[in-house]
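Here's the structure, in structure tokens; my notes come after.
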Amino acid sequence: MLASLPMYDLPGLEAETDAWWSALSDAFRAEGLKEVPDRLARGEDMAAQWLSERLLFSQTCGYPLTHSLKGRITLLATPSYACPGCEGGLYHSEILVRTNADYASLADLRGARAVANAEGSQSGYSALRAAIAPLARDGRFFASVSLSGGHLNSMIQVSEGQADVCAVDCVTYHLLAQTQPSAVAGLRSLAVSPSAPALPYITRLTIAPSDLERLRAGLRRAVADPSVRDVRARLLLDDILVKPLGAYDRIDEMEAEAVALGYPELA
């Protein structure tokens with residue numbers, strides 16, 4: 001079986017991520033699950049992992065959940081993070097500019113250079129599109145839009161002056177502030193994007209209903225374990241919620257609202 005936690009497995013937090021998986025795997029076994037991996041799979045193709053028939057546990061972005069993975073995986077649970085605005089299993093993106101930039105509002109970004117991690121990202125692309133859509137004219141707002149391949153890359157490009165603005169998942173931003181303060185030192189949050197449900201925990205589509213319930217019971221057991229309280233605090237992981245799949249319709253709605261405003265893509 002496969003297990004991975006790729007979304008917040010950031011440099012400097014590998015030990016905490018491994019400790020969280022150790023607590024989860026122990027809890028899953030205690031709930032009666034068989035073939036629970038001892039270690040997380042790292043360095044493999046995430047899309048292939050998520051669609052594997054061997055997938056026991058992983059975390060994905062909400063945008064793939066409602067698009068490329070729609071109807072192909074099972075929503076397991078939604079983490080709730082200890083960040084401002086993340087109450088109830090929600091999250092948003094921090095819209096970041098250089099600390100010394102003159103921008104005072106989103107409207108001031110007209111004609112700026114934007115960078116996003118990937119087109120298939122809720123936090124880096126779709127959330128920024130949703131924030132900018134009401135301000136766009138004839139489908140355009142920025143002077144240019146480029147893709148960096150990752151949130152940290154986007155932040156570096158803005159900080160070094162290669163771009164002027166990016167949107168970064170607020171959990172990633174606050175985790176990097178803890179582990180790599182130099183990455184955020186030259187940046188400030190100009191605004192926040194609209195909120196959506198946080199990055200979901202998932203499992204394979206064909207999982208037996210009884211095993212799905214064992215996974216959820218294991219999540220509840222692990223989050224209540226006092227021995228990993230400090231680990232969860234380092235990961236900003238506050239609670240685990242079981243939301244209906246329909247809660248993630250908000251991601252589709254944000255995209256549809258931008259399209260209705262004549263702004264189908266960052267431009």
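Labels used: A, B, ... for chains in the order of the structure tokens, numbers from 1 for residues in each chain, and numbers from 1 for ligands as shown.
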
Practice problem: Identify, on the basis of only C-alpha atoms, every residue whose closest approach to Arg214 (chain A) does not exceed 10 Å; exclude the query and any residue fewer than 2 positions from it along the same chain; express the result as a list in words. | Solution: Ala27, Phe28, Arg29, Ala30, Glu31, Gly32, Leu33, Ala208, Pro209, Ser210, Asp211, Leu212, Arg216, Ala217, Gly218, Leu219 and Arg220 of chain A

Mind writing the picked residues with C-alpha atoms as a PDB file, in the first residue's frame?
```
ATOM      1  CA  ALA A  27      -3.805   4.614  14.909  1.00  0.00           C
ATOM      2  CA  PHE A  28      -4.869   2.971  11.647  1.00  0.00           C
ATOM      3  CA  ARG A  29      -3.489  -0.369  12.822  1.00  0.00           C
ATOM      4  CA  ALA A  30      -5.231   0.047  16.163  1.00  0.00           C
ATOM      5  CA  GLU A  31      -8.493   0.468  14.252  1.00  0.00           C
ATOM      6  CA  GLY A  32      -7.930  -2.839  12.470  1.00  0.00           C
ATOM      7  CA  LEU A  33      -6.469  -1.770   9.125  1.00  0.00           C
ATOM      8  CA  ALA A 208     -14.269  -0.713   1.222  1.00  0.00           C
ATOM      9  CA  PRO A 209     -16.729   1.363   3.299  1.00  0.00           C
ATOM     10  CA  SER A 210     -15.590  -0.430   6.462  1.00  0.00           C
ATOM     11  CA  ASP A 211     -11.963   0.493   5.796  1.00  0.00           C
ATOM     12  CA  LEU A 212     -12.954   4.085   5.051  1.00  0.00           C
ATOM     13  CA  ARG A 216     -11.551   8.150   9.765  1.00  0.00           C
ATOM     14  CA  ALA A 217     -11.562   6.576  13.218  1.00  0.00           C
ATOM     15  CA  GLY A 218      -7.771   6.392  13.045  1.00  0.00           C
ATOM     16  CA  LEU A 219      -7.561  10.070  12.169  1.00  0.00           C
ATOM     17  CA  ARG A 220      -9.697  10.940  15.179  1.00  0.00           C
TER      18      ARG A 220
END
```

Practice problem: Mind the document's chain letters and residue numbers, and return as a PyMOL selection string the residues of region 16-198 of chain A that DSSP labels alpha helix (DSSP H). | Solution: chain A and resi 16-30+46-50+62-66+127-132+151-159+170-179+181-184

Quiz item: Which polymer residues have any atom within 12 Å of an atom of Gln178 (chain A), counting only C-alpha atoms, with same-chain residues fewer than 2 positions away left out, as JSON, numbers by chain?
Solution: {"A": [10, 11, 12, 13, 171, 172, 173, 174, 175, 176, 180, 181, 182, 183, 184, 185, 233, 234, 235, 236]}

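Picture a line from CA of Glu94 (chain A) to CA of Ser193 (chain A); it runs 6.6 Å.
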
Quiz item: Could you name the residues that touch Glu119 (chain A) at 10 Å or less, counting only C-alpha atoms, but leaving out those on the same chain fewer than 5 positions away, as number ranges by chain?
Solution: A: 63, 124-126, 146-147, 149, 265-266

Please, could you write that set of residues out with C-alpha atoms as a compact mmCIF listing (two decimals), in the first residue's frame?
```
# COMPACT_ATOMS: atom_id res chain seq x y z
CA TYR A 63 -8.46 21.95 -7.34
CA GLY A 124 -1.56 29.73 -6.28
CA TYR A 125 -3.66 30.19 -9.41
CA SER A 126 -7.42 29.84 -8.96
CA SER A 146 4.47 33.10 -15.44
CA LEU A 147 4.56 29.70 -13.74
CA GLY A 149 6.58 25.18 -10.36
CA GLU A 265 -7.47 32.67 -16.72
CA LEU A 266 -4.78 34.78 -15.09
```

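When only C-alpha atoms are used to measure the gap to His67 (chain A), the shortest distance among A:Asp164, A:Asp252, A:Glu257, A:Glu53 belongs to A:Asp252.
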